[in-house]
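Working notes, structure below.
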Amino acid sequence: MKKVLLVLTLILILGVVSTNLFAKGQDEGEAGKSTVTFWLCDYEGIDHDFVKEIAAAFEAEYPEYEMDLVIVDWDSMHDKLTTSLAAGTPPDASVIGTRWLLELMDLDSVVQPGDYLSQSTFDNIAPGAMEAKIDGKLWGIPFAAGSRFMAMNTSLATKVPSTMEELREYAIEATKDGNYGLIMPGGKHTELSDFVYYFYAAGGDFFDANGKSTVNSAAGVKALEFMLKLANDDKVLQEGYVSHSRKQAQPIFFAGKAAYVMIGAWADTEYNKMNADWDIQYLQIPPFAGNKPAPLIVTDSIALYKDGENLEGVGKFLDFLYKDEWKAPLDKQMGFPPVTISAAKRPEFQTPMYAAMGEANLNAKGWPLVTGWAEASSIIIDANQKAFLGQMSAKEALDWAAVEVDKARAE
Amino acid sequence: MSDAVTVLRRKRFGGEATLAYILLAPAVLLMIIFMVYPIFYVFVVSLFNTDKLARIKDFDGFGIYLKLLSSKDTWVIIGRSVLWTVSAVTIKTFFGLIIALVLNVKYTGNKIARLLFIIPWASAIPISDMIWRWVLHSEFGLLNHTLKITGIMANPPVWLGNTITAFLSCLWVDIWLGIPFMALVFLAAMQAVPQTLYEAAEIDGATRIQKFKFVTLPGIAAILLIATLLSSLWTFNDFNTVYILTKGGPAGSTNILITYVYQNSFEWLKWQKASALAVFTFLILSVVSIVYSRIYFKREEM
C-alpha cells in the first residue's frame, strides 16, 4: 500500500509541476505579448547599455512585443547562427557578414526583407549600400559598410606611405625603444587576418572566373613573402603576432606602442576610449609599387529567417531601429559611416576618419561572394601560419592552400 | 515449469520489481531520448550525404569512414588527442595524489589550503580559459610580464604563437583546471581508509613510503580508477580550453578531435564528416571506458 501511495504521490508532484509550467506558458500568451528575437553582432565600440535602451524604447512604443535583443560576439555569430538554423530555431533576424548570404540562400533559410519592412525605411538607405541584392532581389538589409584604411600614431611616425614598399621602410624606422613599426594580427579570427590587405594591394583575387582558387597567384606569393619579410627579417611586428586575433593585436596600437595599423571603422571609438596623449592620423592602405590601391570593403547586412517566429514583429523593430534617433548613434559607436541617407548628413559623420573611409570606398574591393568561404578562409589562415612558423615557404604554403581550398569547395 | 523459475519471474516482475521499473522508467526514457537516440542519429548521418543543415540526402555507406581513415590529417589529430589526454591525465593524477596527501595531513590552516585548491575547479571553465588567454598574451600577459621584471627570462616565449609552446600552454591550462577535482576525490578516498590499518602498519615498522604503497594506494585504488576514467573522458573532450586559447592554431597544431568535429560541423557545415569523426570519438572513449570498467569489476570480484 505504501508503495502505491509513493507512486501516486510522485505522479501527483509531476502533474502539479507540469501543470504549473503549462500555466506559465499560457499566462505569457494571455498577456498578449509576442517575442521578437534579434541577434546583433558585438562590434568593437558598441555600447551595450544603449542597445538595451533601444530594446526598451521599442517595447514602450509597441507594447504588444517583447524584445529579445541578443548581442553575439562576431567570432561566434556564424557558428551560433548555423547551429540555430540546423535546429530549426533561428532568431527572427540577425546581423550577418554579407559574404555569408549565398550560403544562407543555399540553405533556403532567408526571406526577402521587402515583405516585412516599410518602404520608407528602404527609401532612406543609400542605393550603393545594397550589396545583398542578388539577381535584382534584395535579400539583406544593409547594416554597416566600410572600407579598411590605415591609422598612424603621429608620435611614433609622421610619414605617409604611398606604396607598401614605403610602408616597410617607415615601419623599420619607427621600430625602436620597445615600439613596433606595424601591428599585424596573424591568428585565426572571423576574418582572414591581414593577408587580404596585402593580397589586394598586390592586385590579387581569391578565385578566377571558374571559381578555382587563385590564392597562390603571383600576387598572393608577393603579398605573403612581403609579410614574412616584415615579420622575420625586419622584425617590425608585435611579438606573438601569429597568436593574435584582431581583438588581441589592435589594443597594442591603441596603447601607443605601434606606429601603423591597418584597421576599420571602430578606430575612432577605440582611440577615444584610451584617452591617448598622442594624435592619430588616418591614411589609405597603399598598394604595392605599380599596382592600384584596392582596400578591402566589408559590408554587413541584416537577414530575416524563414523559420523565424515573428517576422512581422521584427520588421516593425527594424523600421524602428533604422530611425536616425537609434541607428545614427549606433553607427557612431561602431564607427561605420551610416548606410541611411538622412544620418549620413549629420555633423558627427563629417570627421577625418569618415573622410578617409570615403576616399577608400572609391577603390575598395569586397570579400568574394562564394559558398564554402568559411573553410576556404580557414585554410588560407593556416597556410599563412605555416609560412610564418617556417614550416613552408610562401609559395609552398599558398600552393597547398589553393589545392585544399578547391578540394574543400568541391566536397 | 520449476518452482525456482516461477520465483525468479515473480522477483523480476512482481511486487518490488514492478515499483523499481516504474521508478526507473522516466530516467530510462530520458536516456533513450537524450543519449541513445542522438548517438544513433549521429551514426546515421555519417552514412549519408547531407545538406548544410544536416538534412539527410543520399546514402553513402561507409565512404566517409574510408576517406577519413586514409587521410593523414585524421591520424595526426587522433594521435594528438591521445597524447593530449594521456599526458594531461597522468600529470593530473600524479599531482592530484601529491596534493591530496598534503591536504590529508592535519596542520594549522589546512582548511584554507583545501579551499584554495578547489578554486580553479569552482570557477566557470570558459572564464578561467579566457583569463589564461590573457595571462599568456605576449604583450599584455601577466606571465611574460612577471618573467621579464623578475629577470627570469629577458625574452620569454610567445606561448600561444608557436606549435610546441601553444600545445604545452593548452595542456597546462587543462591540468590546472583538472587537478583540484582529482585532489579532492583522492582526499575523500584517503579519509575513508581506516586509521587502524595505518596504526597496524606503524606497529609493523612500516616507513611512510611503505604505508603509502601498501595501505593508502590499495585503499584508494577503486576511486583512483574511476577518477582517472572520468578525467580521461573530460580531457579528451576538453573543447573549451583549446578553442578559447588557440582555436586549434597556430597552423592546426593544437587541434584535437573534439575541436576538429566542431570545425567541420558548425564552422564548415560538413555534417557527414563531423558525424563520422564524432563516431570515432565515441568508439575511442567507449573502448577506454570498457577497459576501465573491466579492471574495476575484476577488482570488485577479488
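Labeling convention for the C-alpha cells: chains A, B, ... as they appear, residues from 1 per chain, ligands from 1 in order of appearance.
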Counting only C-alpha atoms, a student should be able to say which residues of chain A come within 10 Å of chain B; what is the right answer, written as a compact mmCIF listing (two decimals) with all heavy atoms, in the first residue's frame?
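The resulting file, result14.txt, is reproduced below:
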```txt
# COMPACT_ATOMS: atom_id res chain seq x y z
N LYS A 3 3.81 1.55 -1.09
CA LYS A 3 4.48 1.74 -2.38
C LYS A 3 3.54 2.40 -3.38
O LYS A 3 3.92 3.31 -4.13
CB LYS A 3 4.92 0.38 -2.93
CG LYS A 3 6.12 -0.18 -2.21
CD LYS A 3 6.26 -1.64 -2.51
CE LYS A 3 7.08 -2.32 -1.43
NZ LYS A 3 6.84 -3.75 -1.39
N VAL A 4 2.29 1.94 -3.35
CA VAL A 4 1.30 2.52 -4.28
C VAL A 4 1.14 4.00 -3.98
O VAL A 4 1.10 4.85 -4.88
CB VAL A 4 -0.05 1.78 -4.15
CG1 VAL A 4 -1.11 2.45 -5.01
CG2 VAL A 4 0.10 0.32 -4.56
N LEU A 6 3.33 5.92 -2.63
CA LEU A 6 4.55 6.62 -3.06
C LEU A 6 4.49 6.94 -4.55
O LEU A 6 4.75 8.07 -4.98
CB LEU A 6 5.78 5.74 -2.75
CG LEU A 6 7.13 6.32 -3.13
CD1 LEU A 6 7.46 7.53 -2.25
CD2 LEU A 6 8.22 5.27 -2.99
N VAL A 7 4.09 5.93 -5.35
CA VAL A 7 3.99 6.14 -6.80
C VAL A 7 2.96 7.23 -7.11
O VAL A 7 3.20 8.14 -7.90
CB VAL A 7 3.61 4.82 -7.52
CG1 VAL A 7 3.32 5.07 -8.99
CG2 VAL A 7 4.71 3.80 -7.36
N LEU A 10 4.31 10.63 -6.35
CA LEU A 10 5.26 11.08 -7.38
C LEU A 10 4.54 11.57 -8.62
O LEU A 10 4.86 12.62 -9.18
CB LEU A 10 6.19 9.92 -7.76
CG LEU A 10 7.37 9.69 -6.82
CD1 LEU A 10 8.11 8.42 -7.23
CD2 LEU A 10 8.33 10.87 -6.87
N SER A 76 31.65 34.28 -32.92
CA SER A 76 30.72 33.17 -32.66
C SER A 76 29.46 33.24 -33.52
O SER A 76 28.70 32.27 -33.56
CB SER A 76 30.27 33.18 -31.20
OG SER A 76 31.33 33.42 -30.35
N HIS A 78 28.62 33.27 -36.74
CA HIS A 78 28.39 32.33 -37.84
C HIS A 78 28.01 30.95 -37.29
O HIS A 78 27.04 30.32 -37.73
CB HIS A 78 29.65 32.24 -38.71
CG HIS A 78 29.52 31.32 -39.88
ND1 HIS A 78 29.90 30.00 -39.82
CD2 HIS A 78 29.01 31.51 -41.13
CE1 HIS A 78 29.66 29.43 -40.99
NE2 HIS A 78 29.12 30.32 -41.81
N ASP A 79 28.77 30.51 -36.27
CA ASP A 79 28.54 29.17 -35.72
C ASP A 79 27.21 29.11 -34.98
O ASP A 79 26.46 28.14 -35.10
CB ASP A 79 29.66 28.79 -34.73
CG ASP A 79 31.03 28.90 -35.37
OD1 ASP A 79 31.07 29.13 -36.60
OD2 ASP A 79 32.02 28.77 -34.66
N LYS A 80 26.92 30.16 -34.24
CA LYS A 80 25.66 30.19 -33.47
C LYS A 80 24.46 30.17 -34.42
O LYS A 80 23.47 29.49 -34.17
CB LYS A 80 25.66 31.46 -32.60
CG LYS A 80 24.61 31.48 -31.50
CD LYS A 80 24.84 32.68 -30.60
CE LYS A 80 23.60 33.08 -29.84
NZ LYS A 80 23.18 32.15 -28.82
N LEU A 81 24.63 30.91 -35.49
CA LEU A 81 23.54 31.01 -36.47
C LEU A 81 23.29 29.67 -37.17
O LEU A 81 22.14 29.22 -37.28
CB LEU A 81 23.95 32.06 -37.52
CG LEU A 81 22.88 32.80 -38.25
CD1 LEU A 81 21.85 33.38 -37.29
CD2 LEU A 81 23.49 33.93 -39.06
N THR A 82 24.37 29.03 -37.61
CA THR A 82 24.19 27.76 -38.31
C THR A 82 23.62 26.70 -37.37
O THR A 82 22.81 25.87 -37.79
CB THR A 82 25.51 27.26 -38.94
OG1 THR A 82 26.53 27.35 -37.98
CG2 THR A 82 25.88 28.07 -40.14
N THR A 83 24.06 26.76 -36.10
CA THR A 83 23.51 25.80 -35.13
C THR A 83 22.01 26.00 -34.99
O THR A 83 21.24 25.04 -34.98
CB THR A 83 24.17 26.00 -33.75
OG1 THR A 83 25.55 26.19 -33.92
CG2 THR A 83 23.93 24.83 -32.84
N SER A 84 21.61 27.26 -34.86
CA SER A 84 20.19 27.53 -34.65
C SER A 84 19.38 27.20 -35.90
O SER A 84 18.26 26.71 -35.82
CB SER A 84 19.97 28.98 -34.24
OG SER A 84 20.22 29.83 -35.33
N LEU A 85 19.98 27.42 -37.07
CA LEU A 85 19.26 27.08 -38.32
C LEU A 85 19.11 25.56 -38.44
O LEU A 85 18.05 25.07 -38.83
CB LEU A 85 20.03 27.63 -39.53
CG LEU A 85 19.93 29.14 -39.73
CD1 LEU A 85 20.94 29.61 -40.77
CD2 LEU A 85 18.52 29.55 -40.17
N ALA A 86 20.18 24.85 -38.07
CA ALA A 86 20.12 23.38 -38.15
C ALA A 86 19.06 22.85 -37.19
O ALA A 86 18.39 21.87 -37.47
CB ALA A 86 21.48 22.79 -37.81
N ALA A 87 18.91 23.54 -36.05
CA ALA A 87 17.93 23.09 -35.05
C ALA A 87 16.53 23.59 -35.39
O ALA A 87 15.56 23.23 -34.71
CB ALA A 87 18.34 23.59 -33.67
N GLY A 88 16.42 24.44 -36.40
CA GLY A 88 15.11 24.98 -36.78
C GLY A 88 14.61 26.06 -35.84
O GLY A 88 13.42 26.36 -35.80
N GLU A 103 25.53 31.38 -48.80
CA GLU A 103 25.41 30.13 -48.04
C GLU A 103 24.01 30.03 -47.43
O GLU A 103 23.36 28.98 -47.49
CB GLU A 103 26.45 30.16 -46.93
CG GLU A 103 26.79 28.84 -46.34
CD GLU A 103 28.02 28.97 -45.44
OE1 GLU A 103 27.92 29.71 -44.44
OE2 GLU A 103 29.05 28.37 -45.75
N LEU A 104 23.53 31.14 -46.86
CA LEU A 104 22.20 31.14 -46.24
C LEU A 104 21.11 30.93 -47.28
O LEU A 104 20.11 30.26 -47.03
CB LEU A 104 21.98 32.45 -45.47
CG LEU A 104 22.87 32.66 -44.25
CD1 LEU A 104 22.73 34.08 -43.70
CD2 LEU A 104 22.53 31.66 -43.15
N ASP A 106 21.55 29.32 -50.07
CA ASP A 106 21.72 27.93 -50.45
C ASP A 106 20.96 27.01 -49.48
O ASP A 106 20.46 25.96 -49.87
CB ASP A 106 23.23 27.63 -50.40
CG ASP A 106 23.60 26.42 -51.21
OD1 ASP A 106 22.93 26.19 -52.22
OD2 ASP A 106 24.55 25.70 -50.82
N LEU A 107 20.89 27.42 -48.22
CA LEU A 107 20.18 26.65 -47.20
C LEU A 107 18.68 26.90 -47.24
O LEU A 107 17.93 26.33 -46.45
CB LEU A 107 20.70 27.02 -45.80
CG LEU A 107 22.16 26.74 -45.49
CD1 LEU A 107 22.54 27.32 -44.15
CD2 LEU A 107 22.40 25.23 -45.48
N ASP A 108 18.27 27.83 -48.11
CA ASP A 108 16.86 28.22 -48.20
C ASP A 108 16.33 28.68 -46.84
O ASP A 108 15.23 28.33 -46.43
CB ASP A 108 16.03 27.03 -48.72
CG ASP A 108 14.63 27.45 -49.11
OD1 ASP A 108 14.44 28.63 -49.44
OD2 ASP A 108 13.71 26.60 -49.06
N SER A 109 17.13 29.48 -46.15
CA SER A 109 16.73 29.84 -44.79
C SER A 109 16.39 31.33 -44.64
O SER A 109 15.95 31.74 -43.58
CB SER A 109 17.86 29.48 -43.82
OG SER A 109 19.05 30.09 -44.23
N GLY A 186 47.87 37.84 -36.76
CA GLY A 186 48.15 36.66 -37.60
C GLY A 186 47.40 35.44 -37.11
O GLY A 186 47.55 34.36 -37.65
N GLY A 187 46.58 35.62 -36.08
CA GLY A 187 45.83 34.49 -35.52
C GLY A 187 44.51 34.30 -36.25
O GLY A 187 44.11 35.13 -37.08
N LYS A 188 43.84 33.21 -35.88
CA LYS A 188 42.57 32.89 -36.54
C LYS A 188 41.46 33.71 -35.92
O LYS A 188 41.30 33.71 -34.71
CB LYS A 188 42.29 31.41 -36.34
CG LYS A 188 41.52 30.77 -37.47
CD LYS A 188 41.50 29.27 -37.34
CE LYS A 188 42.33 28.63 -38.42
NZ LYS A 188 42.14 27.20 -38.53
N HIS A 189 40.73 34.45 -36.71
CA HIS A 189 39.52 35.10 -36.21
C HIS A 189 38.52 35.19 -37.35
O HIS A 189 38.72 34.54 -38.38
CB HIS A 189 39.82 36.46 -35.55
CG HIS A 189 40.46 37.48 -36.44
ND1 HIS A 189 39.85 38.62 -36.81
CD2 HIS A 189 41.66 37.50 -37.05
CE1 HIS A 189 40.66 39.33 -37.60
NE2 HIS A 189 41.76 38.67 -37.74
N GLN A 238 54.49 43.27 -33.87
CA GLN A 238 54.41 42.98 -32.44
C GLN A 238 54.80 41.54 -32.17
O GLN A 238 54.57 40.68 -33.02
CB GLN A 238 52.99 43.28 -31.91
CG GLN A 238 51.94 42.21 -32.15
CD GLN A 238 51.31 42.24 -33.54
OE1 GLN A 238 51.79 42.90 -34.43
NE2 GLN A 238 50.22 41.49 -33.71
N GLU A 239 55.34 41.30 -30.99
CA GLU A 239 55.72 39.94 -30.62
C GLU A 239 54.46 39.06 -30.58
O GLU A 239 53.43 39.51 -30.10
CB GLU A 239 56.32 39.94 -29.22
CG GLU A 239 57.81 40.13 -29.18
CD GLU A 239 58.31 40.07 -27.76
OE1 GLU A 239 58.44 38.97 -27.24
OE2 GLU A 239 58.51 41.16 -27.19
N GLY A 240 54.60 37.86 -31.05
CA GLY A 240 53.50 36.90 -30.92
C GLY A 240 52.36 37.14 -31.87
O GLY A 240 51.23 36.74 -31.61
N TYR A 241 52.64 37.79 -33.02
CA TYR A 241 51.56 38.16 -33.94
C TYR A 241 50.78 36.93 -34.44
O TYR A 241 49.60 37.01 -34.71
CB TYR A 241 52.11 38.96 -35.14
CG TYR A 241 53.13 38.20 -35.93
CD1 TYR A 241 52.77 37.46 -37.05
CD2 TYR A 241 54.45 38.17 -35.52
CE1 TYR A 241 53.70 36.72 -37.74
CE2 TYR A 241 55.39 37.43 -36.21
CZ TYR A 241 55.01 36.70 -37.31
OH TYR A 241 55.93 35.96 -37.98
N VAL A 242 51.45 35.76 -34.51
CA VAL A 242 50.76 34.57 -35.03
C VAL A 242 49.63 34.14 -34.09
O VAL A 242 48.65 33.55 -34.50
CB VAL A 242 51.76 33.40 -35.23
CG1 VAL A 242 51.05 32.17 -35.78
CG2 VAL A 242 52.86 33.80 -36.16
N SER A 243 49.77 34.47 -32.81
CA SER A 243 48.74 34.05 -31.85
C SER A 243 47.67 35.13 -31.66
O SER A 243 46.70 34.91 -30.95
CB SER A 243 49.39 33.74 -30.50
OG SER A 243 49.95 34.91 -29.96
N HIS A 244 47.84 36.29 -32.29
CA HIS A 244 46.92 37.40 -32.01
C HIS A 244 45.78 37.49 -33.01
O HIS A 244 46.00 37.60 -34.21
CB HIS A 244 47.67 38.73 -32.05
CG HIS A 244 48.63 38.91 -30.92
ND1 HIS A 244 49.66 39.81 -30.94
CD2 HIS A 244 48.72 38.28 -29.73
CE1 HIS A 244 50.34 39.73 -29.83
NE2 HIS A 244 49.79 38.81 -29.07
N SER A 245 44.56 37.47 -32.49
CA SER A 245 43.42 37.81 -33.34
C SER A 245 43.38 39.34 -33.39
O SER A 245 44.17 40.01 -32.72
CB SER A 245 42.13 37.26 -32.75
OG SER A 245 41.85 37.95 -31.55
N GLN A 248 43.06 40.96 -30.07
CA GLN A 248 44.22 40.87 -29.18
C GLN A 248 45.38 41.72 -29.68
O GLN A 248 46.23 42.13 -28.89
CB GLN A 248 44.67 39.41 -29.07
CG GLN A 248 43.68 38.57 -28.30
CD GLN A 248 43.83 37.09 -28.59
OE1 GLN A 248 44.17 36.68 -29.70
NE2 GLN A 248 43.58 36.28 -27.59
N ALA A 249 45.39 42.00 -31.00
CA ALA A 249 46.54 42.72 -31.56
C ALA A 249 46.34 44.23 -31.54
O ALA A 249 47.26 44.97 -31.16
CB ALA A 249 46.76 42.26 -33.00
N PRO A 251 44.74 46.39 -29.64
CA PRO A 251 44.94 47.17 -28.41
C PRO A 251 46.40 47.62 -28.22
O PRO A 251 46.65 48.63 -27.56
CB PRO A 251 44.52 46.20 -27.30
CG PRO A 251 43.52 45.33 -27.95
CD PRO A 251 44.00 45.15 -29.36
N ILE A 252 47.33 46.89 -28.83
CA ILE A 252 48.75 47.29 -28.70
C ILE A 252 48.96 48.64 -29.40
O ILE A 252 49.68 49.50 -28.90
CB ILE A 252 49.68 46.20 -29.30
CG1 ILE A 252 49.44 44.86 -28.58
CG2 ILE A 252 51.14 46.61 -29.20
CD1 ILE A 252 50.10 43.66 -29.24
N GLY A 372 31.20 28.17 -49.26
CA GLY A 372 32.36 27.49 -48.69
C GLY A 372 33.49 28.43 -48.30
O GLY A 372 34.62 28.01 -48.11
N TRP A 373 33.17 29.72 -48.18
CA TRP A 373 34.20 30.69 -47.87
C TRP A 373 34.78 30.50 -46.46
O TRP A 373 35.97 30.73 -46.22
CB TRP A 373 33.67 32.11 -48.07
CG TRP A 373 34.68 33.16 -47.68
CD1 TRP A 373 34.57 34.09 -46.69
CD2 TRP A 373 35.97 33.38 -48.28
NE1 TRP A 373 35.71 34.86 -46.63
CE2 TRP A 373 36.58 34.44 -47.60
CE3 TRP A 373 36.68 32.77 -49.32
CZ2 TRP A 373 37.86 34.92 -47.92
CZ3 TRP A 373 37.95 33.25 -49.64
CH2 TRP A 373 38.52 34.30 -48.95
N ALA A 374 33.94 30.07 -45.51
CA ALA A 374 34.41 29.92 -44.12
C ALA A 374 35.58 28.94 -44.08
O ALA A 374 36.61 29.21 -43.45
CB ALA A 374 33.28 29.43 -43.22
N GLU A 375 35.45 27.81 -44.76
CA GLU A 375 36.53 26.82 -44.74
C GLU A 375 37.72 27.31 -45.57
O GLU A 375 38.87 27.13 -45.17
CB GLU A 375 36.03 25.46 -45.26
CG GLU A 375 37.08 24.39 -45.09
CD GLU A 375 36.58 22.98 -45.39
OE1 GLU A 375 35.42 22.84 -45.79
OE2 GLU A 375 37.36 22.04 -45.20
N ALA A 376 37.41 27.95 -46.69
CA ALA A 376 38.49 28.46 -47.55
C ALA A 376 39.35 29.45 -46.77
O ALA A 376 40.58 29.37 -46.79
CB ALA A 376 37.90 29.12 -48.79
N SER A 378 39.71 29.69 -43.57
CA SER A 378 40.42 29.00 -42.51
C SER A 378 41.68 28.33 -43.07
O SER A 378 42.75 28.36 -42.44
CB SER A 378 39.48 27.97 -41.87
OG SER A 378 40.17 27.20 -40.95
N ILE A 379 41.56 27.75 -44.26
CA ILE A 379 42.72 27.09 -44.89
C ILE A 379 43.79 28.13 -45.22
O ILE A 379 44.99 27.91 -44.99
CB ILE A 379 42.27 26.35 -46.17
CG1 ILE A 379 41.40 25.14 -45.79
CG2 ILE A 379 43.48 25.90 -46.99
CD1 ILE A 379 40.65 24.52 -46.96
N ILE A 380 43.35 29.30 -45.72
CA ILE A 380 44.34 30.32 -46.09
C ILE A 380 45.06 30.86 -44.84
O ILE A 380 46.27 31.11 -44.88
CB ILE A 380 43.67 31.46 -46.92
CG1 ILE A 380 43.12 30.87 -48.23
CG2 ILE A 380 44.66 32.56 -47.22
CD1 ILE A 380 42.21 31.78 -49.00
N ILE A 381 44.33 30.99 -43.74
CA ILE A 381 45.00 31.41 -42.49
C ILE A 381 46.03 30.36 -42.07
O ILE A 381 47.15 30.68 -41.69
CB ILE A 381 43.98 31.63 -41.35
CG1 ILE A 381 43.03 32.78 -41.68
CG2 ILE A 381 44.71 31.97 -40.04
CD1 ILE A 381 41.90 32.96 -40.69
N ASP A 382 45.64 29.08 -42.15
CA ASP A 382 46.59 28.01 -41.81
C ASP A 382 47.84 28.10 -42.68
O ASP A 382 48.96 27.92 -42.20
CB ASP A 382 45.94 26.63 -41.98
CG ASP A 382 45.05 26.25 -40.80
OD1 ASP A 382 45.14 26.94 -39.77
OD2 ASP A 382 44.29 25.29 -40.90
N ALA A 383 47.63 28.39 -43.97
CA ALA A 383 48.77 28.50 -44.89
C ALA A 383 49.67 29.66 -44.47
O ALA A 383 50.90 29.53 -44.44
CB ALA A 383 48.27 28.71 -46.31
N ASN A 384 49.06 30.79 -44.14
CA ASN A 384 49.83 31.95 -43.65
C ASN A 384 50.66 31.54 -42.43
O ASN A 384 51.85 31.83 -42.34
CB ASN A 384 48.87 33.06 -43.20
CG ASN A 384 48.43 33.97 -44.32
OD1 ASN A 384 48.35 35.16 -44.17
ND2 ASN A 384 48.13 33.41 -45.47
N GLN A 385 50.00 30.84 -41.50
CA GLN A 385 50.69 30.47 -40.26
C GLN A 385 51.81 29.47 -40.51
O GLN A 385 52.87 29.55 -39.88
CB GLN A 385 49.68 29.93 -39.25
CG GLN A 385 48.71 31.01 -38.78
CD GLN A 385 47.75 30.53 -37.72
OE1 GLN A 385 47.44 29.36 -37.65
NE2 GLN A 385 47.25 31.45 -36.92
N LYS A 386 51.58 28.54 -41.44
CA LYS A 386 52.64 27.57 -41.77
C LYS A 386 53.87 28.32 -42.30
O LYS A 386 55.01 27.96 -41.99
CB LYS A 386 52.15 26.58 -42.83
CG LYS A 386 51.26 25.46 -42.26
CD LYS A 386 50.68 24.62 -43.39
CE LYS A 386 49.51 23.78 -42.94
NZ LYS A 386 49.87 22.54 -42.32
N ALA A 387 53.62 29.35 -43.10
CA ALA A 387 54.74 30.14 -43.63
C ALA A 387 55.41 30.94 -42.51
O ALA A 387 56.63 30.98 -42.41
CB ALA A 387 54.24 31.06 -44.74
N PHE A 388 54.60 31.56 -41.65
CA PHE A 388 55.16 32.35 -40.54
C PHE A 388 56.00 31.48 -39.61
O PHE A 388 57.01 31.92 -39.08
CB PHE A 388 54.05 33.01 -39.73
CG PHE A 388 53.46 34.22 -40.39
CD1 PHE A 388 52.09 34.38 -40.50
CD2 PHE A 388 54.27 35.22 -40.89
CE1 PHE A 388 51.53 35.48 -41.10
CE2 PHE A 388 53.73 36.35 -41.50
CZ PHE A 388 52.36 36.48 -41.61
N LEU A 389 55.56 30.23 -39.41
CA LEU A 389 56.28 29.35 -38.49
C LEU A 389 57.46 28.65 -39.16
O LEU A 389 58.15 27.84 -38.53
CB LEU A 389 55.31 28.29 -37.91
CG LEU A 389 54.20 28.84 -37.02
CD1 LEU A 389 53.17 27.77 -36.73
CD2 LEU A 389 54.76 29.40 -35.73
N GLN A 391 57.35 26.46 -41.52
CA GLN A 391 57.11 25.07 -41.94
C GLN A 391 57.13 24.94 -43.46
O GLN A 391 57.36 23.88 -44.00
CB GLN A 391 55.76 24.58 -41.40
CG GLN A 391 55.72 24.50 -39.89
CD GLN A 391 54.33 24.17 -39.36
OE1 GLN A 391 53.37 24.06 -40.11
NE2 GLN A 391 54.23 24.04 -38.04
N ALA A 408 38.14 21.44 -50.76
CA ALA A 408 37.10 21.67 -49.75
C ALA A 408 35.81 22.17 -50.39
O ALA A 408 34.71 21.76 -50.01
CB ALA A 408 37.60 22.68 -48.72
N GLU A 411 33.84 19.38 -52.18
CA GLU A 411 33.21 18.33 -51.35
C GLU A 411 31.73 18.60 -51.12
O GLU A 411 31.34 19.73 -50.88
CB GLU A 411 33.93 18.27 -49.99
CG GLU A 411 35.14 17.36 -50.01
CD GLU A 411 35.90 17.38 -48.69
OE1 GLU A 411 35.40 17.95 -47.71
OE2 GLU A 411 37.01 16.85 -48.67
```
Which residues are close to Ile302 (chain A), i.e. within 7 Å by only C-alpha atoms, leaving aside same-chain residues fewer than 3 positions away? Reply as a JSON list (two decimals) with N, CA, C and O atoms, in the first residue's frame.
```
[["chain", "number", "residue", "atom", "x", "y", "z"],
["A", 93, "ALA", "N", 15.64, 37.65, -36.92],
["A", 93, "ALA", "CA", 16.58, 38.32, -37.82],
["A", 93, "ALA", "C", 17.92, 38.44, -37.10],
["A", 93, "ALA", "O", 17.98, 38.36, -35.87],
["A", 94, "SER", "N", 18.97, 38.63, -37.89],
["A", 94, "SER", "CA", 20.28, 38.84, -37.27],
["A", 94, "SER", "C", 21.18, 39.61, -38.22],
["A", 94, "SER", "O", 20.92, 39.67, -39.42],
["A", 95, "VAL", "N", 22.24, 40.17, -37.64],
["A", 95, "VAL", "CA", 23.27, 40.78, -38.47],
["A", 95, "VAL", "C", 24.11, 39.64, -39.04],
["A", 95, "VAL", "O", 24.39, 38.67, -38.35],
["A", 96, "ILE", "N", 24.49, 39.77, -40.29],
["A", 96, "ILE", "CA", 25.39, 38.76, -40.89],
["A", 96, "ILE", "C", 26.48, 39.48, -41.69],
["A", 96, "ILE", "O", 26.30, 40.63, -42.09],
["A", 140, "GLY", "N", 19.15, 41.06, -48.05],
["A", 140, "GLY", "CA", 19.66, 41.50, -46.76],
["A", 140, "GLY", "C", 19.61, 43.02, -46.69],
["A", 140, "GLY", "O", 19.88, 43.70, -47.68],
["A", 141, "ILE", "N", 19.25, 43.54, -45.52],
["A", 141, "ILE", "CA", 19.19, 45.00, -45.37],
["A", 141, "ILE", "C", 20.58, 45.49, -45.00],
["A", 141, "ILE", "O", 21.17, 44.98, -44.04],
["A", 142, "PRO", "N", 21.13, 46.46, -45.73],
["A", 142, "PRO", "CA", 22.46, 46.95, -45.39],
["A", 142, "PRO", "C", 22.48, 47.44, -43.95],
["A", 142, "PRO", "O", 21.58, 48.19, -43.53],
["A", 143, "PHE", "N", 23.47, 47.00, -43.19],
["A", 143, "PHE", "CA", 23.55, 47.43, -41.79],
["A", 143, "PHE", "C", 24.80, 48.27, -41.56],
["A", 143, "PHE", "O", 24.75, 49.29, -40.90]]
```
Distance criterion (only C-alpha atoms): nearest to Trp367 (chain A) out of A:Glu169, A:Glu131, A:Asp177, A:Glu404: A:Glu131
Shell around Leu224 (chain A) at 10 Å using only C-alpha atoms, local window under 5 positions removed, as a list of chain:residue names: A:Phe195, A:Val196, A:Tyr198, A:Phe199, A:Asn216, A:Ala219, A:Lys229, A:Leu230, A:Ala383, A:Asn384, A:Ala387, A:Phe388, A:Ser393, A:Ala394, A:Lys395, A:Ala397, A:Leu398
Residues near Ser46 (chain B), cut-off 10 Å, only C-alpha atoms, skip fewer than 4 positions along chain, as a ChimeraX atom specification: /B:41-42,50,56,59-65,271-279
Contacts of Arg99 (chain A) at 9 Å (only C-alpha atoms; same-chain gap of 2+ positions) as a PyMOL selection string: chain A and resi 96-97+101-103+132+298-300+366-371+373
Prev. selection, C-alpha atoms, output as a compact mmCIF listing (two decimals), in the first residue's frame:
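out.txt was written with the following content:
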```
# COMPACT_ATOMS: atom_id res chain seq x y z
CA ILE A 96 25.39 38.76 -40.89
CA GLY A 97 28.55 39.30 -42.87
CA LEU A 101 24.45 35.37 -47.69
CA LEU A 102 24.97 32.92 -50.56
CA GLU A 103 25.41 30.13 -48.04
CA ALA A 132 22.88 41.99 -50.77
CA VAL A 298 33.34 44.96 -45.60
CA THR A 299 29.59 45.06 -45.67
CA ASP A 300 27.28 43.61 -43.08
CA GLY A 366 34.81 43.25 -51.19
CA TRP A 367 35.21 39.70 -49.96
CA PRO A 368 34.50 37.04 -52.60
CA LEU A 369 30.83 36.07 -52.61
CA VAL A 370 31.24 32.30 -52.89
CA THR A 371 29.95 29.28 -50.99
CA TRP A 373 34.20 30.69 -47.87
```
Contacts of Val160 (chain A) at 9 Å (only C-alpha atoms; same-chain gap of 2+ positions) as an NGL selection string: :A and (152 or 157-158 or 162 or 166-167 or 170 or 283-284)
